[in-house]
$ cat target.txt   # compact mmCIF, C-alpha atoms and all ligand atoms
# COMPACT_ATOMS: atom_id res chain seq x y z
CA MET Z 1 -29.18 -19.29 32.04
CA ASP Z 2 -28.81 -15.89 30.40
CA THR Z 3 -25.44 -14.19 30.09
CA TYR Z 4 -25.10 -10.43 30.35
CA ILE Z 5 -21.95 -8.71 29.11
CA LEU Z 6 -21.06 -5.08 29.75
CA GLY Z 7 -19.07 -3.77 26.78
CA ILE Z 8 -16.76 -0.75 26.90
CA GLU Z 9 -15.31 1.00 23.82
CA SER Z 10 -12.95 4.01 23.75
CA SER Z 11 -10.51 3.32 20.90
CA CYS Z 12 -11.04 6.57 19.00
CA ASP Z 13 -13.48 9.44 19.49
CA GLU Z 14 -16.56 7.65 20.83
CA THR Z 15 -16.95 6.82 24.52
CA ALA Z 16 -19.40 3.94 24.52
CA ALA Z 17 -20.90 1.34 26.87
CA SER Z 18 -23.54 -1.31 26.29
CA VAL Z 19 -25.22 -4.28 27.90
CA VAL Z 20 -25.85 -7.25 25.59
CA LYS Z 21 -27.79 -10.40 26.47
CA ASN Z 22 -26.53 -13.76 25.19
CA GLY Z 23 -24.37 -12.11 22.54
CA ARG Z 24 -27.36 -11.21 20.38
CA GLU Z 25 -29.76 -8.88 22.17
CA VAL Z 26 -28.85 -5.22 22.74
CA LEU Z 27 -30.33 -4.04 26.07
CA SER Z 28 -28.59 -0.64 25.89
CA ASN Z 29 -26.17 1.06 23.52
CA VAL Z 30 -24.92 4.40 24.86
CA ILE Z 31 -22.54 6.39 22.64
CA ASN Z 32 -21.02 9.72 23.61
CA THR Z 33 -19.44 11.03 20.43
CA GLN Z 34 -16.74 13.71 20.42
CA ILE Z 35 -17.26 14.56 16.74
CA ASP Z 36 -18.29 18.16 17.44
CA ILE Z 37 -15.11 18.72 19.46
CA HIS Z 38 -12.70 17.26 16.87
CA LYS Z 39 -14.55 18.82 13.92
CA LYS Z 40 -12.83 22.16 14.26
CA TYR Z 41 -9.42 20.48 13.91
CA GLY Z 42 -10.49 18.50 10.82
CA GLY Z 43 -9.75 15.16 12.50
CA VAL Z 44 -9.35 13.40 15.83
CA VAL Z 45 -6.84 15.02 18.22
CA PRO Z 46 -5.60 12.05 20.33
CA GLU Z 47 -4.81 14.08 23.46
CA ILE Z 48 -8.25 15.68 23.53
CA ALA Z 49 -9.90 12.31 22.84
CA SER Z 50 -8.22 10.71 25.88
CA ARG Z 51 -9.22 13.57 28.15
CA LYS Z 52 -12.84 13.52 27.00
CA HIS Z 53 -13.01 9.73 27.51
CA ILE Z 54 -11.87 10.23 31.13
CA GLU Z 55 -14.50 12.91 31.69
CA ASN Z 56 -17.36 10.89 30.22
CA ILE Z 57 -16.74 7.21 30.78
CA ASP Z 58 -18.33 6.85 34.24
CA ALA Z 59 -21.55 8.55 33.18
CA VAL Z 60 -21.72 6.54 29.93
CA ILE Z 61 -21.37 3.24 31.81
CA ASP Z 62 -23.94 4.26 34.44
CA GLU Z 63 -26.36 5.20 31.66
CA ALA Z 64 -25.82 1.89 29.85
CA LEU Z 65 -26.61 -0.08 33.02
CA LEU Z 66 -29.62 2.14 33.78
CA GLN Z 67 -31.10 1.82 30.29
CA ALA Z 68 -30.61 -1.95 30.42
CA GLY Z 69 -32.35 -2.11 33.82
CA LYS Z 70 -29.28 -3.87 35.26
CA THR Z 71 -26.69 -3.28 37.95
CA LEU Z 72 -23.12 -4.57 38.02
CA ASP Z 73 -24.41 -7.45 40.16
CA ASP Z 74 -26.35 -8.74 37.11
CA ILE Z 75 -23.30 -8.60 34.82
CA ASP Z 76 -21.39 -11.82 34.06
CA ALA Z 77 -18.27 -10.27 32.48
CA ILE Z 78 -16.78 -6.99 31.32
CA ALA Z 79 -15.60 -6.82 27.71
CA VAL Z 80 -13.31 -4.01 26.64
CA THR Z 81 -11.59 -2.94 23.42
CA ASN Z 82 -7.84 -3.25 24.06
CA GLY Z 83 -6.75 -2.51 20.48
CA PRO Z 84 -6.19 -1.42 17.82
CA GLY Z 85 -6.72 2.33 18.24
CA LEU Z 86 -5.25 5.43 19.83
CA VAL Z 87 -3.20 4.27 22.80
CA GLY Z 88 -4.24 7.03 25.20
CA ALA Z 89 -7.89 6.62 24.28
CA LEU Z 90 -7.77 2.81 24.59
CA LEU Z 91 -6.11 3.07 28.00
CA VAL Z 92 -9.10 4.90 29.45
CA GLY Z 93 -11.50 2.06 28.64
CA VAL Z 94 -9.00 -0.65 29.60
CA SER Z 95 -8.22 0.99 32.97
CA GLU Z 96 -11.90 1.49 33.73
CA ALA Z 97 -12.74 -2.13 32.82
CA LYS Z 98 -9.87 -3.43 34.95
CA ALA Z 99 -10.94 -1.33 37.95
CA MET Z 100 -14.54 -2.55 37.69
CA ALA Z 101 -13.53 -6.18 37.17
CA TYR Z 102 -11.26 -6.00 40.22
CA ALA Z 103 -13.81 -4.21 42.42
CA LYS Z 104 -16.67 -6.60 41.56
CA GLY Z 105 -14.63 -9.76 41.08
CA LEU Z 106 -15.86 -10.05 37.47
CA PRO Z 107 -14.10 -11.75 34.54
CA LEU Z 108 -12.37 -9.36 32.15
CA VAL Z 109 -12.50 -10.14 28.41
CA PRO Z 110 -10.27 -8.30 25.91
CA VAL Z 111 -11.85 -7.55 22.52
CA HIS Z 112 -10.19 -6.70 19.21
CA HIS Z 113 -11.94 -3.64 17.77
CA ILE Z 114 -12.24 -5.08 14.23
CA ARG Z 115 -13.67 -8.34 15.55
CA GLY Z 116 -16.22 -6.15 17.31
CA HIS Z 117 -17.16 -4.46 14.02
CA ILE Z 118 -17.66 -7.86 12.36
CA THR Z 119 -19.75 -9.11 15.31
CA ALA Z 120 -22.17 -6.17 14.92
CA ASN Z 121 -23.71 -8.29 12.17
CA PHE Z 122 -24.80 -10.92 14.71
CA LEU Z 123 -26.71 -8.25 16.61
CA ALA Z 124 -28.50 -7.07 13.48
CA HIS Z 125 -29.22 -10.54 12.03
CA LYS Z 126 -30.36 -12.98 14.68
CA ASP Z 127 -30.09 -15.99 12.34
CA LEU Z 128 -26.66 -15.16 10.93
CA GLU Z 129 -24.08 -17.84 11.65
CA PRO Z 130 -20.50 -18.35 10.47
CA PRO Z 131 -18.99 -19.12 8.04
CA PHE Z 132 -19.20 -15.97 5.90
CA VAL Z 133 -16.86 -13.40 4.41
CA CYS Z 134 -16.89 -9.90 5.94
CA LEU Z 135 -15.63 -6.64 4.50
CA VAL Z 136 -14.55 -4.36 7.35
CA ALA Z 137 -14.06 -0.80 6.16
CA SER Z 138 -13.61 1.95 8.73
CA GLY Z 139 -11.59 5.08 9.36
CA GLY Z 140 -8.53 3.09 10.35
CA HIS Z 141 -8.92 -0.30 8.64
CA SER Z 142 -9.97 -2.03 5.45
CA HIS Z 143 -9.92 -5.81 5.65
CA ILE Z 144 -11.56 -8.75 3.93
CA VAL Z 145 -12.02 -11.41 6.60
CA ASN Z 146 -13.04 -15.04 6.35
CA VAL Z 147 -15.20 -15.49 9.46
CA LYS Z 148 -14.81 -19.24 10.00
CA SER Z 149 -16.49 -19.35 13.41
CA TYR Z 150 -17.54 -16.86 16.09
CA THR Z 151 -13.92 -16.54 17.17
CA ASP Z 152 -11.82 -17.85 14.26
CA PHE Z 153 -11.01 -15.12 11.72
CA GLU Z 154 -8.67 -15.27 8.72
CA VAL Z 155 -7.59 -12.10 6.89
CA LEU Z 156 -7.88 -12.60 3.12
CA GLY Z 157 -6.95 -9.05 2.10
CA ARG Z 158 -6.21 -5.63 3.52
CA THR Z 159 -5.33 -2.12 2.47
CA ARG Z 160 -1.72 -1.46 1.63
CA ASP Z 161 -1.99 2.27 2.36
CA ASP Z 162 -5.04 4.34 3.33
CA ALA Z 163 -8.15 2.86 4.91
CA ALA Z 164 -11.34 3.40 2.90
CA GLY Z 165 -12.83 5.71 5.53
CA GLU Z 166 -9.60 7.70 5.69
CA ALA Z 167 -9.85 8.26 1.93
CA PHE Z 168 -13.47 9.44 2.31
CA ASP Z 169 -12.38 11.84 5.06
CA LYS Z 170 -9.51 13.24 2.96
CA ILE Z 171 -11.66 13.77 -0.11
CA ALA Z 172 -14.28 15.49 2.03
CA ARG Z 173 -11.58 17.89 3.18
CA VAL Z 174 -10.49 18.56 -0.42
CA LEU Z 175 -14.12 19.32 -1.31
CA GLY Z 176 -14.49 21.54 1.78
CA LEU Z 177 -17.24 19.36 3.28
CA GLY Z 178 -16.09 18.97 6.90
CA TYR Z 179 -15.46 16.08 9.26
CA PRO Z 180 -16.15 13.17 9.39
CA GLY Z 181 -16.24 13.11 5.63
CA GLY Z 182 -17.85 9.75 4.84
CA PRO Z 183 -21.49 10.66 5.50
CA LEU Z 184 -21.04 14.07 3.79
CA VAL Z 185 -19.49 12.57 0.63
CA ASP Z 186 -22.25 9.93 0.66
CA LYS Z 187 -24.92 12.66 0.75
CA LEU Z 188 -23.34 14.92 -1.88
CA ALA Z 189 -22.67 11.96 -4.20
CA LYS Z 190 -26.43 11.40 -4.47
CA GLU Z 191 -26.63 14.63 -6.52
CA GLY Z 192 -23.70 13.75 -8.78
CA ASN Z 193 -22.91 11.50 -11.74
CA PRO Z 194 -20.71 8.54 -10.69
CA LYS Z 195 -19.48 8.11 -14.28
CA ALA Z 196 -18.60 11.81 -14.80
CA ILE Z 197 -14.88 11.38 -14.01
CA ASP Z 198 -12.90 8.19 -14.55
CA PHE Z 199 -10.85 7.95 -11.33
CA PRO Z 200 -8.43 4.97 -11.23
CA ARG Z 201 -9.35 1.57 -9.76
CA VAL Z 202 -6.03 0.15 -8.62
CA LYS Z 203 -5.53 -3.53 -9.24
CA MET Z 204 -2.82 -5.32 -7.26
CA ASP Z 205 -1.18 -8.45 -8.65
CA LYS Z 206 -3.92 -10.78 -9.81
CA ASP Z 207 -3.88 -13.15 -6.85
CA SER Z 208 -4.06 -10.43 -4.24
CA LEU Z 209 -7.25 -9.24 -2.55
CA ASP Z 210 -5.43 -6.23 -1.07
CA PHE Z 211 -6.66 -2.68 -1.57
CA SER Z 212 -4.90 0.59 -2.30
CA PHE Z 213 -6.75 3.87 -1.99
CA SER Z 214 -3.88 6.36 -2.16
CA GLY Z 215 -3.99 6.39 -5.99
CA VAL Z 216 -7.63 7.41 -6.25
CA LYS Z 217 -7.13 9.95 -3.47
CA THR Z 218 -4.20 11.57 -5.31
CA ALA Z 219 -6.15 11.48 -8.58
CA VAL Z 220 -9.00 13.44 -6.99
CA ILE Z 221 -6.59 15.97 -5.48
CA ASN Z 222 -4.80 16.44 -8.83
CA TYR Z 223 -8.10 16.75 -10.68
CA THR Z 224 -9.46 19.47 -8.39
CA HIS Z 225 -6.12 21.38 -8.29
CA LYS Z 226 -5.94 21.40 -12.07
CA LEU Z 227 -9.43 22.84 -12.43
CA GLU Z 228 -8.69 25.42 -9.71
CA GLN Z 229 -5.47 26.49 -11.45
CA ASN Z 230 -7.34 26.89 -14.74
CA GLY Z 231 -10.03 28.91 -12.98
CA GLU Z 232 -12.62 26.32 -13.96
CA GLU Z 233 -15.59 25.45 -11.80
CA ILE Z 234 -15.52 22.12 -9.93
CA ASN Z 235 -18.69 20.05 -9.94
CA ARG Z 236 -18.25 18.79 -6.39
CA ALA Z 237 -21.19 16.40 -6.56
CA ASP Z 238 -19.70 14.71 -9.64
CA VAL Z 239 -16.29 14.45 -7.93
CA ALA Z 240 -17.89 12.95 -4.80
CA ALA Z 241 -19.97 10.47 -6.82
CA SER Z 242 -17.09 9.43 -9.11
CA PHE Z 243 -14.67 9.02 -6.19
CA GLN Z 244 -17.23 7.00 -4.23
CA ASP Z 245 -17.92 4.84 -7.30
CA ALA Z 246 -14.21 4.00 -7.66
CA VAL Z 247 -13.83 3.09 -3.97
CA THR Z 248 -17.00 1.01 -3.72
CA ASP Z 249 -16.13 -0.79 -6.99
CA ALA Z 250 -12.87 -1.96 -5.43
CA LEU Z 251 -14.50 -2.88 -2.11
CA CYS Z 252 -17.24 -4.92 -3.81
CA GLU Z 253 -15.02 -6.62 -6.39
CA HIS Z 254 -12.40 -7.80 -3.89
CA THR Z 255 -14.99 -8.94 -1.33
CA ILE Z 256 -16.91 -11.00 -3.88
CA GLU Z 257 -13.66 -12.49 -5.17
CA GLY Z 258 -12.78 -13.40 -1.55
CA ALA Z 259 -16.18 -15.00 -1.00
CA LYS Z 260 -15.82 -17.03 -4.21
CA ARG Z 261 -12.35 -18.23 -3.22
CA VAL Z 262 -13.49 -19.65 0.11
CA GLY Z 263 -16.92 -20.73 -1.16
CA ALA Z 264 -18.87 -18.40 1.14
CA LYS Z 265 -22.60 -18.11 0.48
CA THR Z 266 -22.96 -14.94 2.56
CA VAL Z 267 -21.11 -11.63 2.58
CA ALA Z 268 -21.34 -9.22 5.51
CA ILE Z 269 -20.11 -5.63 5.65
CA ALA Z 270 -19.02 -3.79 8.77
CA GLY Z 271 -17.28 -0.65 10.04
CA GLY Z 272 -18.13 3.01 9.51
CA VAL Z 273 -17.93 2.81 5.69
CA ALA Z 274 -20.53 0.01 5.78
CA ALA Z 275 -23.01 2.82 6.47
CA ASN Z 276 -22.34 4.09 2.92
CA SER Z 277 -25.53 3.89 0.88
CA ASN Z 278 -23.74 3.28 -2.44
CA LEU Z 279 -21.65 0.45 -0.96
CA ARG Z 280 -24.75 -1.24 0.48
CA GLU Z 281 -26.65 -1.01 -2.83
CA LYS Z 282 -23.74 -2.07 -5.01
CA MET Z 283 -22.69 -4.97 -2.78
CA THR Z 284 -26.28 -6.27 -2.70
CA LYS Z 285 -26.66 -6.00 -6.49
CA GLU Z 286 -23.26 -7.48 -7.36
CA CYS Z 287 -23.52 -10.35 -4.87
CA GLU Z 288 -26.95 -11.23 -6.23
CA LYS Z 289 -25.33 -11.87 -9.63
CA HIS Z 290 -23.11 -14.48 -7.96
CA GLY Z 291 -25.84 -16.07 -5.83
CA ILE Z 292 -24.37 -14.63 -2.63
CA SER Z 293 -26.57 -13.06 0.03
CA VAL Z 294 -25.56 -9.82 1.78
CA VAL Z 295 -26.09 -8.62 5.35
CA TYR Z 296 -25.14 -5.38 7.04
CA PRO Z 297 -25.91 -3.71 10.37
CA PRO Z 298 -27.97 -0.51 10.76
CA PRO Z 299 -25.73 2.61 10.61
CA VAL Z 300 -25.61 2.98 14.43
CA LEU Z 301 -23.98 -0.46 14.67
CA CYS Z 302 -21.60 0.25 11.74
CA THR Z 303 -19.79 3.17 13.35
CA ASP Z 304 -18.04 2.76 16.71
CA ASN Z 305 -20.23 1.46 19.52
CA ALA Z 306 -19.91 -0.82 22.55
CA ALA Z 307 -22.74 -3.25 21.72
CA MET Z 308 -20.46 -4.84 19.11
CA ILE Z 309 -17.71 -5.10 21.76
CA ALA Z 310 -20.07 -6.72 24.27
CA ALA Z 311 -21.25 -9.18 21.59
CA ALA Z 312 -17.71 -10.12 20.51
CA GLY Z 313 -16.80 -10.34 24.20
CA TYR Z 314 -19.66 -12.78 24.75
CA TYR Z 315 -18.30 -15.29 22.22
CA SER Z 316 -14.77 -15.02 23.64
CA TYR Z 317 -16.16 -15.32 27.18
CA MET Z 318 -18.04 -18.50 26.25
CA GLU Z 319 -14.75 -19.92 24.93
CA GLY Z 320 -13.03 -19.16 28.22
CA VAL Z 321 -10.98 -16.15 27.10
CA ARG Z 322 -9.97 -14.07 30.13
CA ALA Z 323 -7.53 -11.21 30.71
CA ASP Z 324 -5.55 -10.58 33.87
CA LEU Z 325 -5.31 -7.21 35.54
CA ASP Z 326 -2.08 -6.54 33.64
CA LEU Z 327 -4.11 -6.22 30.41
CA ASN Z 328 -2.63 -3.44 28.30
CA ALA Z 329 -3.83 -1.27 25.42
CA ILE Z 330 -2.18 -2.34 22.16
CA PRO Z 331 -2.47 0.35 19.44
CA ASN Z 332 -1.56 -2.01 16.56
CA LEU Z 333 -3.10 -5.25 17.86
CA PRO Z 334 -3.14 -7.81 14.99
CA LEU Z 335 -6.47 -9.42 14.03
O1 LIG R 401 -15.85 2.36 12.37
P1 LIG R 401 -15.69 3.82 12.57
O2 LIG R 401 -16.77 4.56 13.33
O3 LIG R 401 -14.34 4.15 13.30
C1 LIG R 401 -13.16 3.45 13.09
O4 LIG R 401 -12.99 2.35 13.67
O5 LIG R 401 -12.35 3.97 12.29
O6 LIG R 401 -15.51 4.45 11.12
C2 LIG R 401 -15.41 5.82 10.90
C3 LIG R 401 -15.19 6.04 9.42
C4 LIG R 401 -14.89 7.50 9.08
O7 LIG R 401 -13.78 7.54 8.21
C5 LIG R 401 -16.17 7.95 8.37
O8 LIG R 401 -15.94 8.98 7.41
C6 LIG R 401 -16.63 6.67 7.71
O9 LIG R 401 -16.37 5.67 8.67
N1 LIG R 401 -18.06 6.69 7.39
C7 LIG R 401 -18.54 6.64 6.13
C8 LIG R 401 -19.95 6.77 6.22
N2 LIG R 401 -20.28 6.88 7.56
C9 LIG R 401 -19.11 6.83 8.25
N3 LIG R 401 -17.90 6.51 4.96
C10 LIG R 401 -18.66 6.51 3.84
N4 LIG R 401 -20.00 6.66 3.84
C11 LIG R 401 -20.69 6.78 5.00
N5 LIG R 401 -22.03 6.92 4.99
ZN ZN R 402 -14.22 1.32 14.48
$ encode --input "target.txt" --output "structure tokens" --more "lines below"
Ligand code: KG4
Ligand code: ZN
Amino acid sequence: MDTYILGIESSCDETAASVVKNGREVLSNVINTQIDIHKKYGGVVPEIASRKHIENIDAVIDEALLQAGKTLDDIDAIAVTNGPGLVGALLVGVSEAKAMAYAKGLPLVPVHHIRGHITANFLAHKDLEPPFVCLVASGGHSHIVNVKSYTDFEVLGRTRDDAAGEAFDKIARVLGLGYPGGPLVDKLAKEGNPKAIDFPRVKMDKDSLDFSFSGVKTAVINYTHKLEQNGEEINRADVAASFQDAVTDALCEHTIEGAKRVGAKTVAIAGGVAANSNLREKMTKECEKHGISVVYPPPVLCTDNAAMIAAAGYYSYMEGVRADLDLNAIPNLPL
């Protein structure tokens, strides 16, 4: 018998709902992004995000059911992101999911946002099965995860300061590119020389797979300030390309090291930064040298969406994971 999960995601600035069949087949993937609203503030304003989620969530869910050709009577369970994320934003999705589960007598399945990002790879690659090592790099997180099974995840490394996406967003601001910065830096970097400026690649103690991106961020800021003070022209494309090269070097190196340590034959990438063209190319090329294959989702499944939440919810649902109606939003939920 087929299993249909309705996924709901509202952890940051995307209100999203999706229906996924058997954890692998996306029947609908509706995303209402608030980017244009937050753009003028240069980043997500939590209060505004919560309010917009409230305004949009009903219509987004209706649309997801409509596009899937399903009604709530066809749905087997409701999966919802309950952390990590902005607490007010998370609460909108969690409250909505609880209300629907109660009204329809449906099981409620809590989903960790990062597990959702990882699971996006199962939607994009129908034959992909654990174990594999996954790099999750988004606006709020940078983790190297050993995906031992569909529901058993071990963190091998993480950022000690900024997330990779956060660094992209900050550098975009320094270069006057706008928000969100990742895609804009990615685009501008294509016109620049990645070896033009030697920005630092921070190495932690030799056994650690952790990242640090605050050093490269500060180096870029100092570099541009110095040129500005001297009245010299900044080659923004070279700065973007050299910064991106430093970040993707670290992401690739640590992920491959993680894969080698646990003997993984496959590396996956996930999260908003997984949409980065340089990261995709470099990871594919570098992994090839080590006989490791690489998978990644299409960009729409890299950035925040509810299909990944429905898919992760499916695997938890099949294992019997259920939440009661006292389910809460947890802003710093551990993986
Ligand atoms: O996964 P996501 O949508 O939200 C979080 O869970 O944080 O990731 C958003 C982050 C932003 O920092 C954005 O700048 C970054 O992903 N991003 C990119 C690219 N597309 C999105 N970073 C680098 N290159 C891209 N092409
Ligand atoms: Zn995310």
$ residues_near_ligand --input "target.txt" --ligand "ligand ZN 402 (chain R)" --cutoff "7 Å" --atoms "only C-alpha atoms and all ligand atoms" --output "PyMOL selection string"
chain Z and resi 113-114+117+138-139+271-272+303-304
$ closest_residue --input "target.txt" --among "Z:Ile292, Z:Ile309, Z:Ala167, Z:Ala99" --to "ligand LIG 401 (chain R)" --atoms "all atoms listed in the file"
Z:Ala167
$ residues_near_ligand --input "target.txt" --ligand "ligand LIG 401 (chain R)" --cutoff "8 Å" --atoms "all atoms listed in the file" --output "PyMOL selection string"
chain Z and resi 11-12+85+113-114+117+137-141+164-169+179-187+270-277+299+302-305
$ write_last_selection --input "target.txt" --atoms "C-alpha atoms" --output "PDB file, in the frame of the given file"
ATOM      1  CA  SER Z  11     -10.510   3.320  20.900  1.00  0.00           C
ATOM      2  CA  CYS Z  12     -11.040   6.570  19.000  1.00  0.00           C
ATOM      3  CA  GLY Z  85      -6.720   2.330  18.240  1.00  0.00           C
ATOM      4  CA  HIS Z 113     -11.940  -3.640  17.770  1.00  0.00           C
ATOM      5  CA  ILE Z 114     -12.240  -5.080  14.230  1.00  0.00           C
ATOM      6  CA  HIS Z 117     -17.160  -4.460  14.020  1.00  0.00           C
ATOM      7  CA  ALA Z 137     -14.060  -0.800   6.160  1.00  0.00           C
ATOM      8  CA  SER Z 138     -13.610   1.950   8.730  1.00  0.00           C
ATOM      9  CA  GLY Z 139     -11.590   5.080   9.360  1.00  0.00           C
ATOM     10  CA  GLY Z 140      -8.530   3.090  10.350  1.00  0.00           C
ATOM     11  CA  HIS Z 141      -8.920  -0.300   8.640  1.00  0.00           C
ATOM     12  CA  ALA Z 164     -11.340   3.400   2.900  1.00  0.00           C
ATOM     13  CA  GLY Z 165     -12.830   5.710   5.530  1.00  0.00           C
ATOM     14  CA  GLU Z 166      -9.600   7.700   5.690  1.00  0.00           C
ATOM     15  CA  ALA Z 167      -9.850   8.260   1.930  1.00  0.00           C
ATOM     16  CA  PHE Z 168     -13.470   9.440   2.310  1.00  0.00           C
ATOM     17  CA  ASP Z 169     -12.380  11.840   5.060  1.00  0.00           C
ATOM     18  CA  TYR Z 179     -15.460  16.080   9.260  1.00  0.00           C
ATOM     19  CA  PRO Z 180     -16.150  13.170   9.390  1.00  0.00           C
ATOM     20  CA  GLY Z 181     -16.240  13.110   5.630  1.00  0.00           C
ATOM     21  CA  GLY Z 182     -17.850   9.750   4.840  1.00  0.00           C
ATOM     22  CA  PRO Z 183     -21.490  10.660   5.500  1.00  0.00           C
ATOM     23  CA  LEU Z 184     -21.040  14.070   3.790  1.00  0.00           C
ATOM     24  CA  VAL Z 185     -19.490  12.570   0.630  1.00  0.00           C
ATOM     25  CA  ASP Z 186     -22.250   9.930   0.660  1.00  0.00           C
ATOM     26  CA  LYS Z 187     -24.920  12.660   0.750  1.00  0.00           C
ATOM     27  CA  ALA Z 270     -19.020  -3.790   8.770  1.00  0.00           C
ATOM     28  CA  GLY Z 271     -17.280  -0.650  10.040  1.00  0.00           C
ATOM     29  CA  GLY Z 272     -18.130   3.010   9.510  1.00  0.00           C
ATOM     30  CA  VAL Z 273     -17.930   2.810   5.690  1.00  0.00           C
ATOM     31  CA  ALA Z 274     -20.530   0.010   5.780  1.00  0.00           C
ATOM     32  CA  ALA Z 275     -23.010   2.820   6.470  1.00  0.00           C
ATOM     33  CA  ASN Z 276     -22.340   4.090   2.920  1.00  0.00           C
ATOM     34  CA  SER Z 277     -25.530   3.890   0.880  1.00  0.00           C
ATOM     35  CA  PRO Z 299     -25.730   2.610  10.610  1.00  0.00           C
ATOM     36  CA  CYS Z 302     -21.600   0.250  11.740  1.00  0.00           C
ATOM     37  CA  THR Z 303     -19.790   3.170  13.350  1.00  0.00           C
ATOM     38  CA  ASP Z 304     -18.040   2.760  16.710  1.00  0.00           C
ATOM     39  CA  ASN Z 305     -20.230   1.460  19.520  1.00  0.00           C
TER      40      ASN Z 305
END
$ atom_distance --input "target.txt" --atom1 "atom CA of Z:Ser316" --atom2 "atom CA of Z:Ile61"
21.1 Å
$ residues_around --input "target.txt" --residues "Z:Ile35" --least-positions-apart "3" --cutoff "12 Å" --atoms "all atoms listed in the file" --output "MDAnalysis selection string"
chainID Z and resid 12:15 31:32 38:45 48:49 52 178:181 304
$ closest_residue --input "target.txt" --among "Z:Pro297, Z:Gly157, Z:Gly7, Z:Gly313" --to "Z:Glu257" --atoms "only C-alpha atoms"
Z:Gly157
$ residues_around --input "target.txt" --residues "Z:Ala307" --least-positions-apart "3" --cutoff "7 Å" --atoms "all atoms listed in the file" --output "list in words"
Gly7, Ser18, Val19, Val20, Val26, Asn29, Ala310 and Ala311 of chain Z
$ closest_residue --input "target.txt" --among "Z:Glu55, Z:Asp152, Z:Asp207, Z:Glu25" --to "Z:Asn121" --atoms "all atoms listed in the file"
Z:Glu25
$ residues_around --input "target.txt" --residues "Z:Lys104" --least-positions-apart "5" --cutoff "12 Å" --atoms "all atoms listed in the file" --output "list in words"
Thr71, Leu72, Asp73, Asp74, Ile75, Asp76, Ala77, Ile78, Ala97, Lys98 and Ala99 of chain Z
$ residues_around --input "target.txt" --residues "Z:Ala89" --least-positions-apart "2" --cutoff "12 Å" --atoms "all atoms listed in the file" --output "ChimeraX atom specification"
/Z:8-16,34,44-57,81-87,91-96,329-331
$ write_last_selection --input "target.txt" --atoms "C-alpha atoms" --output "CSV table (one decimal), keeping the file's coordinate frame"
chain,number,residue,atom,x,y,z
Z,8,ILE,CA,-16.8,-0.8,26.9
Z,9,GLU,CA,-15.3,1.0,23.8
Z,10,SER,CA,-13.0,4.0,23.8
Z,11,SER,CA,-10.5,3.3,20.9
Z,12,CYS,CA,-11.0,6.6,19.0
Z,13,ASP,CA,-13.5,9.4,19.5
Z,14,GLU,CA,-16.6,7.6,20.8
Z,15,THR,CA,-17.0,6.8,24.5
Z,16,ALA,CA,-19.4,3.9,24.5
Z,34,GLN,CA,-16.7,13.7,20.4
Z,44,VAL,CA,-9.4,13.4,15.8
Z,45,VAL,CA,-6.8,15.0,18.2
Z,46,PRO,CA,-5.6,12.0,20.3
Z,47,GLU,CA,-4.8,14.1,23.5
Z,48,ILE,CA,-8.2,15.7,23.5
Z,49,ALA,CA,-9.9,12.3,22.8
Z,50,SER,CA,-8.2,10.7,25.9
Z,51,ARG,CA,-9.2,13.6,28.2
Z,52,LYS,CA,-12.8,13.5,27.0
Z,53,HIS,CA,-13.0,9.7,27.5
Z,54,ILE,CA,-11.9,10.2,31.1
Z,55,GLU,CA,-14.5,12.9,31.7
Z,56,ASN,CA,-17.4,10.9,30.2
Z,57,ILE,CA,-16.7,7.2,30.8
Z,81,THR,CA,-11.6,-2.9,23.4
Z,82,ASN,CA,-7.8,-3.2,24.1
Z,83,GLY,CA,-6.8,-2.5,20.5
Z,84,PRO,CA,-6.2,-1.4,17.8
Z,85,GLY,CA,-6.7,2.3,18.2
Z,86,LEU,CA,-5.2,5.4,19.8
Z,87,VAL,CA,-3.2,4.3,22.8
Z,91,LEU,CA,-6.1,3.1,28.0
Z,92,VAL,CA,-9.1,4.9,29.4
Z,93,GLY,CA,-11.5,2.1,28.6
Z,94,VAL,CA,-9.0,-0.6,29.6
Z,95,SER,CA,-8.2,1.0,33.0
Z,96,GLU,CA,-11.9,1.5,33.7
Z,329,ALA,CA,-3.8,-1.3,25.4
Z,330,ILE,CA,-2.2,-2.3,22.2
Z,331,PRO,CA,-2.5,0.4,19.4
$ closest_residue --input "target.txt" --among "Z:Asp324, Z:Asp205, Z:Glu319, Z:Asp198" --to "Z:Phe243" --atoms "only C-alpha atoms"
Z:Asp198
$ atom_distance --input "target.txt" --atom1 "atom CA of Z:His225" --atom2 "atom CA of Z:Ser212"
21.7 Å
$ atom_distance --input "target.txt" --atom1 "atom CA of Z:Lys203" --atom2 "atom CA of Z:Asp249"
11.2 Å
$ closest_residue --input "target.txt" --among "Z:Asp326, Z:Val239, Z:Ser149, Z:Val300" --to "Z:Thr33" --atoms "all atoms listed in the file"
Z:Val300
$ residues_near_point --input "target.txt" --point "(-4.2, -8.7, 13.0)" --cutoff "9 Å" --atoms "all atoms listed in the file" --output "PyMOL selection string"
chain Z and resi 84+112+114+155+332-335
$ residues_near_point --input "target.txt" --point "(-7.7, -13.6, -10.5)" --cutoff "12 Å" --atoms "all atoms listed in the file" --output "list in words"
Lys203, Met204, Asp205, Lys206, Asp207, Ser208, Leu209, Glu253, His254, Ile256, Glu257, Gly258, Lys260 and Arg261 of chain Z
$ write_last_selection --input "target.txt" --atoms "C-alpha atoms" --output "short mmCIF file (atom, residue, chain, number, x, y, z; two decimals), in the coordinates of the input"
data_model
loop_
_atom_site.label_atom_id
_atom_site.label_comp_id
_atom_site.auth_asym_id
_atom_site.auth_seq_id
_atom_site.Cartn_x
_atom_site.Cartn_y
_atom_site.Cartn_z
CA LYS Z 203 -5.53 -3.53 -9.24
CA MET Z 204 -2.82 -5.32 -7.26
CA ASP Z 205 -1.18 -8.45 -8.65
CA LYS Z 206 -3.92 -10.78 -9.81
CA ASP Z 207 -3.88 -13.15 -6.85
CA SER Z 208 -4.06 -10.43 -4.24
CA LEU Z 209 -7.25 -9.24 -2.55
CA GLU Z 253 -15.02 -6.62 -6.39
CA HIS Z 254 -12.40 -7.80 -3.89
CA ILE Z 256 -16.91 -11.00 -3.88
CA GLU Z 257 -13.66 -12.49 -5.17
CA GLY Z 258 -12.78 -13.40 -1.55
CA LYS Z 260 -15.82 -17.03 -4.21
CA ARG Z 261 -12.35 -18.23 -3.22
#
